[in-house]
>>> print(open('entry_15.txt').read())   # compact mmCIF, C-alpha atoms
# COMPACT_ATOMS: atom_id res chain seq x y z
CA MET A 25 -16.17 37.72 -69.91
CA LYS A 26 -13.72 38.30 -72.75
CA ILE A 27 -13.10 41.89 -71.65
CA GLU A 28 -12.55 40.78 -68.07
CA GLU A 29 -10.06 38.09 -69.18
CA ALA A 30 -8.20 40.58 -71.38
CA ASN A 31 -7.94 43.05 -68.50
CA LYS A 32 -6.68 40.33 -66.17
CA GLU A 33 -4.04 39.27 -68.69
CA PHE A 34 -2.92 42.87 -69.19
CA TRP A 35 -2.45 43.60 -65.49
CA MET A 36 -0.75 40.26 -64.82
CA SER A 37 1.69 41.19 -67.58
CA VAL A 38 2.29 44.60 -66.02
CA PHE A 39 2.94 43.18 -62.55
CA HIS A 40 5.27 40.53 -63.95
CA ASP A 41 7.47 42.99 -65.82
CA ILE A 42 7.60 45.50 -62.98
CA LYS A 43 8.83 42.71 -60.71
CA ASN A 44 12.13 42.18 -62.57
CA PRO A 45 13.72 45.59 -61.85
CA MET A 46 12.32 45.48 -58.32
CA ILE A 47 14.29 42.26 -57.77
CA SER A 48 17.43 44.05 -58.97
CA ILE A 49 16.75 46.90 -56.53
CA ASP A 50 16.38 44.36 -53.72
CA PHE A 51 19.74 42.80 -54.54
CA ALA A 52 21.35 46.25 -54.73
CA LEU A 53 20.03 47.29 -51.32
CA ARG A 54 21.43 44.14 -49.75
CA GLY A 55 24.86 45.58 -50.45
CA VAL A 56 24.28 48.74 -48.41
CA GLY A 57 26.23 48.68 -45.13
CA SER A 58 24.55 49.16 -41.77
CA VAL A 59 26.44 52.42 -41.08
CA GLU A 60 27.81 53.89 -44.30
CA VAL A 61 25.63 54.05 -47.38
CA ASP A 62 27.41 53.17 -50.59
CA VAL A 63 26.80 56.09 -52.97
CA GLU A 64 27.33 53.94 -56.05
CA ILE A 65 24.66 51.48 -54.91
CA LEU A 66 22.19 54.27 -54.23
CA GLU A 67 22.88 55.71 -57.67
CA ASP A 68 22.18 52.29 -59.20
CA VAL A 69 18.96 51.98 -57.20
CA TYR A 70 17.95 55.42 -58.45
CA ASN A 71 18.62 54.39 -62.06
CA LEU A 72 16.76 51.09 -61.66
CA ASN A 73 13.77 52.92 -60.21
CA LEU A 74 13.95 55.41 -63.06
CA GLY A 75 13.87 52.48 -65.46
CA ASN A 76 10.83 51.12 -63.66
CA LEU A 77 8.99 54.41 -64.07
CA GLU A 78 9.89 54.46 -67.75
CA PHE A 79 8.60 50.92 -68.06
CA ILE A 80 5.27 51.86 -66.45
CA ARG A 81 4.92 54.67 -68.97
CA ALA A 82 5.81 52.21 -71.73
CA ILE A 83 3.21 49.72 -70.53
CA LEU A 84 0.55 52.40 -70.64
CA GLU A 85 1.67 53.26 -74.16
CA ASN A 86 1.48 49.60 -75.16
CA TYR A 87 -2.01 49.40 -73.69
CA ARG A 88 -3.06 52.39 -75.72
CA PHE A 89 -1.54 50.73 -78.79
CA GLU A 90 -3.48 47.52 -78.16
CA GLU A 91 -6.65 49.60 -77.90
CA GLY A 92 -5.84 51.12 -81.30
CA PHE A 93 -4.87 54.62 -80.15
CA PHE A 94 -1.47 54.69 -81.86
CA GLU A 95 1.10 52.56 -83.66
CA LYS A 96 4.13 51.06 -81.97
CA LYS A 97 7.18 53.09 -82.84
CA HIS A 98 9.90 51.16 -84.63
CA GLU A 99 13.45 52.43 -84.77
CA ASN A 100 16.90 51.14 -85.59
CA ILE A 101 18.42 49.40 -82.56
CA ASN A 102 22.13 48.68 -82.26
CA LEU A 103 21.82 45.28 -80.57
CA LYS A 104 25.26 45.28 -78.94
CA GLU A 105 24.71 48.67 -77.29
CA PHE A 106 21.09 47.83 -76.44
CA LEU A 107 21.99 44.55 -74.71
CA ASN A 108 24.96 46.08 -72.88
CA GLU A 109 22.67 48.71 -71.36
CA LEU A 110 20.00 46.15 -70.52
CA VAL A 111 22.43 43.75 -68.85
CA GLY A 112 23.68 46.59 -66.63
CA GLY A 113 20.37 46.51 -64.77
CA TYR A 114 21.03 42.95 -63.62
CA LYS A 115 24.55 43.31 -62.29
CA TYR A 116 23.61 42.74 -58.63
CA ILE A 117 21.71 39.55 -59.43
CA LEU A 118 24.69 38.39 -61.48
CA GLN A 119 27.12 39.27 -58.70
CA GLU A 120 25.05 37.37 -56.15
CA LYS A 121 25.42 34.14 -58.15
CA GLU A 122 28.83 35.02 -59.60
CA LEU A 123 27.39 34.83 -63.10
CA ARG A 124 28.78 36.47 -66.21
CA ILE A 125 26.87 37.45 -69.35
CA ASP A 126 29.03 37.01 -72.44
CA LEU A 127 28.00 39.31 -75.31
CA ASP A 128 31.00 38.47 -77.50
CA GLY A 129 28.71 36.45 -79.76
CA VAL A 130 26.68 39.57 -80.66
CA GLU A 131 28.01 40.90 -83.94
CA GLU A 132 29.26 44.48 -83.88
CA ASP A 133 27.06 47.10 -85.55
CA LEU A 134 24.21 44.61 -85.96
CA VAL A 135 21.01 46.66 -86.31
CA LEU A 136 17.44 45.53 -85.68
CA ASN A 137 14.52 47.68 -86.78
CA SER A 138 11.87 47.12 -84.12
CA CYS A 139 10.10 48.61 -81.11
CA PRO A 140 12.68 49.04 -78.27
CA ILE A 141 10.00 48.92 -75.55
CA SER A 142 8.65 45.56 -76.64
CA ILE A 143 12.01 43.98 -77.48
CA SER A 144 13.43 44.98 -74.09
CA ARG A 145 10.59 43.02 -72.43
CA VAL A 146 11.59 39.90 -74.38
CA PHE A 147 15.28 40.16 -73.51
CA SER A 148 14.57 41.07 -69.88
CA ASN A 149 12.43 37.98 -69.39
CA LEU A 150 14.92 35.65 -71.06
CA ILE A 151 17.94 37.05 -69.20
CA THR A 152 16.07 36.89 -65.87
CA ASN A 153 15.14 33.25 -66.52
CA ALA A 154 18.68 32.36 -67.54
CA ALA A 155 20.10 33.97 -64.38
CA LYS A 156 17.54 32.16 -62.21
CA PHE A 157 18.36 28.68 -63.52
CA ALA A 158 22.07 29.02 -64.30
CA PRO A 159 24.36 27.36 -61.73
CA ASP A 160 26.51 29.72 -59.66
CA GLY A 161 29.76 30.74 -61.28
CA THR A 162 28.74 29.97 -64.87
CA GLU A 163 28.25 32.09 -67.99
CA ILE A 164 25.13 33.12 -69.87
CA MET A 165 25.99 33.27 -73.54
CA VAL A 166 24.26 35.73 -75.89
CA GLU A 167 24.75 35.61 -79.63
CA ALA A 168 23.17 37.59 -82.45
CA ARG A 169 23.80 37.53 -86.19
CA PRO A 170 22.03 38.31 -89.47
CA TYR A 171 19.51 35.73 -90.62
CA ASN A 172 18.01 35.08 -94.03
CA ASP A 173 15.42 32.60 -95.26
CA SER A 174 12.83 32.33 -98.02
CA ARG A 175 10.68 34.98 -96.29
CA GLY A 176 13.40 37.62 -96.18
CA GLY A 177 16.10 38.97 -93.88
CA GLY A 178 16.19 39.41 -90.15
CA VAL A 179 18.20 38.73 -87.02
CA PHE A 180 18.84 35.47 -85.17
CA ILE A 181 19.37 35.78 -81.40
CA ALA A 182 20.18 33.04 -78.90
CA ILE A 183 20.50 33.14 -75.10
CA THR A 184 22.15 30.08 -73.57
CA ASN A 185 22.54 29.08 -69.95
CA TYR A 186 24.16 25.99 -68.49
CA GLY A 187 22.25 23.89 -66.01
CA GLU A 188 19.08 21.83 -65.81
CA LYS A 189 17.27 20.94 -69.02
CA ILE A 190 13.59 21.73 -69.66
CA GLU A 191 11.38 18.65 -69.54
CA ASP A 192 8.53 19.88 -71.74
CA LEU A 193 9.77 22.30 -74.39
CA LYS A 194 6.34 22.61 -76.04
CA SER A 195 4.36 23.81 -73.03
CA ILE A 196 6.72 26.43 -71.56
CA PHE A 197 5.37 29.24 -73.75
CA LYS A 198 1.78 28.66 -72.68
CA LYS A 199 0.14 31.12 -70.31
CA PHE A 200 0.55 30.38 -66.58
CA THR A 201 2.90 27.46 -67.24
CA SER A 202 5.59 27.45 -64.56
CA TYR A 203 7.84 24.90 -62.91
CA THR A 204 8.82 27.32 -60.13
CA ASP A 205 7.02 29.86 -57.94
CA SER A 206 6.85 32.39 -60.80
CA SER A 207 3.65 33.65 -62.44
CA GLY A 208 4.15 31.56 -65.58
CA LEU A 209 3.66 34.63 -67.76
CA GLY A 210 7.21 35.54 -68.76
CA LEU A 211 7.72 33.18 -71.70
CA TYR A 212 4.10 33.60 -72.76
CA ILE A 213 4.70 37.36 -73.01
CA CYS A 214 7.91 36.75 -74.96
CA ARG A 215 6.14 34.53 -77.49
CA LYS A 216 3.25 36.97 -77.87
CA ILE A 217 5.56 39.91 -78.60
CA VAL A 218 7.80 37.96 -80.98
CA ASN A 219 4.81 36.52 -82.85
CA ASP A 220 3.20 39.96 -83.07
CA PHE A 221 6.33 41.11 -84.91
CA GLY A 222 6.15 38.17 -87.31
CA GLY A 223 9.04 36.34 -85.66
CA GLU A 224 9.60 32.98 -84.02
CA ILE A 225 10.81 31.88 -80.58
CA TRP A 226 11.68 28.39 -79.36
CA ALA A 227 13.83 26.55 -76.84
CA GLU A 228 16.36 23.76 -77.30
CA ASN A 229 18.02 21.43 -74.82
CA PHE A 230 21.65 20.51 -75.28
CA ASP A 231 24.09 18.38 -73.30
CA ASP A 232 24.88 21.02 -70.66
CA GLY A 233 21.87 23.32 -70.59
CA VAL A 234 19.17 25.23 -72.49
CA LYS A 235 19.21 27.65 -75.42
CA PHE A 236 16.39 30.08 -76.23
CA CYS A 237 16.34 31.11 -79.88
CA ILE A 238 14.57 34.03 -81.55
CA VAL A 239 14.23 35.06 -85.18
CA LEU A 240 13.06 38.64 -85.70
CA LYS A 241 12.34 40.34 -88.98
CA GLY A 242 13.91 43.66 -89.90
>>> encode(input="entry_15.txt", output="structure tokens")
Amino acid sequence: MKIEEANKEFWMSVFHDIKNPMISIDFALRGVGSVEVDVEILEDVYNLNLGNLEFIRAILENYRFEEGFFEKKHENINLKEFLNELVGGYKYILQEKELRIDLDGVEEDLVLNSCPISISRVFSNLITNAAKFAPDGTEIMVEARPYNDSRGGGVFIAITNYGEKIEDLKSIFKKFTSYTDSSGLGLYICRKIVNDFGGEIWAENFDDGVKFCIVLKG
């Protein structure tokens, strides 16, 4: 029973994270004219699909890690460059809602030592959620800065979107908790990854919207 539940959780996670770039591809293809094909759009679709294939390989690597076959590879990540590249994959979704992602709050040359594959899953889920719930024509604010407490140094990251507040902040990170037609796995996956790296993740309501906060070590 436990093995069956673990397998179900793994594949639900895979399907959830493959869905995000597929949504971006769908938005990109909507921009293709009925007669002339926009070369730039096709190039973007190609790159998004390439990213999806890389993600599938990454998922298989993560699965092998979870089974104890190898260690997750940590490396130094320039957060500004990393987030800029990641946000590029969502430009058609952002254009559709006339949203803008503001990365000015991410400190230049801020480096995080972590696993790029896993961290990209966290950011992808949070950015997708922010874009889904943000009102048309607003901004999604991303900030990142060094963080220190009694347990040592790390990085504080926050992703803020304006719009409707979250009614139950405590339950949103539980598995299969969803207030929309989504799978209810996205924030659960985020919490699992962040906790596995010894970090923390939480959400806060404020007057005009919601802020998701992360503290990561390293």
>>> atom_distance(input="entry_15.txt", atom1="CA of Gly112 in chain A", atom2="CA of Ala154 in chain A")
15.1 Å
>>> residues_around(input="entry_15.txt", residues="Ala155 in chain A", least_positions_apart="4", cutoff="9 Å", atoms="all atoms listed in the file", output="ChimeraX atom specification")
/A:117-118,121,123,150-151,159,164,185
>>> closest_residue(input="entry_15.txt", among="A:Pro140, A:Gly113, A:Gly161, A:Gly222", to="Tyr186 in chain A", atoms="only C-alpha atoms")
A:Gly161
>>> residues_around(input="entry_15.txt", residues="range 124-136 of chain A", least_positions_apart="4", cutoff="7 Å", atoms="all atoms listed in the file", output="PyMOL selection string")
chain A and resi 100-104+118+162-169+179+242
>>> closest_residue(input="entry_15.txt", among="A:Lys199, A:Cys214, A:Ala158, A:Gly177", to="Val234 in chain A", atoms="all atoms listed in the file")
A:Ala158
>>> atom_distance(input="entry_15.txt", atom1="CA of Ile141 in chain A", atom2="CA of Phe106 in chain A")
11.2 Å
>>> decode(input="entry_15.txt", residues="range 144-182 of chain A", atoms="C-alpha atoms", output="compact mmCIF listing (two decimals), in the first residue's frame")
# COMPACT_ATOMS: atom_id res chain seq x y z
CA SER A 144 13.33 25.57 -10.72
CA ARG A 145 10.30 23.42 -9.81
CA VAL A 146 9.64 25.62 -6.77
CA PHE A 147 9.89 28.89 -8.70
CA SER A 148 7.89 27.54 -11.65
CA ASN A 149 5.01 26.55 -9.40
CA LEU A 150 4.97 29.84 -7.52
CA ILE A 151 5.21 31.98 -10.67
CA THR A 152 2.47 29.95 -12.37
CA ASN A 153 0.20 30.40 -9.35
CA ALA A 154 0.92 34.12 -9.16
CA ALA A 155 0.13 34.56 -12.86
CA LYS A 156 -3.10 32.56 -12.50
CA PHE A 157 -4.49 34.66 -9.64
CA ALA A 158 -3.05 38.09 -10.45
CA PRO A 159 -5.57 40.53 -11.96
CA ASP A 160 -4.95 41.51 -15.59
CA GLY A 161 -2.53 44.36 -16.07
CA THR A 162 -0.78 44.04 -12.70
CA GLU A 163 2.77 43.19 -11.63
CA ILE A 164 4.22 40.12 -9.97
CA MET A 165 7.02 41.25 -7.69
CA VAL A 166 10.05 39.04 -7.01
CA GLU A 167 12.63 39.93 -4.40
CA ALA A 168 15.67 38.07 -3.13
CA ARG A 169 18.33 39.07 -0.61
CA PRO A 170 20.82 37.50 1.80
CA TYR A 171 19.35 36.15 5.02
CA ASN A 172 20.97 35.33 8.34
CA ASP A 173 19.61 33.89 11.57
CA SER A 174 20.86 31.85 14.51
CA ARG A 175 21.13 28.75 12.29
CA GLY A 176 23.40 30.37 9.72
CA GLY A 177 23.25 32.18 6.39
CA GLY A 178 21.00 31.73 3.42
CA VAL A 179 18.73 33.52 0.97
CA PHE A 180 15.29 35.04 1.49
CA ILE A 181 13.00 35.03 -1.58
CA ALA A 182 9.50 36.47 -1.91
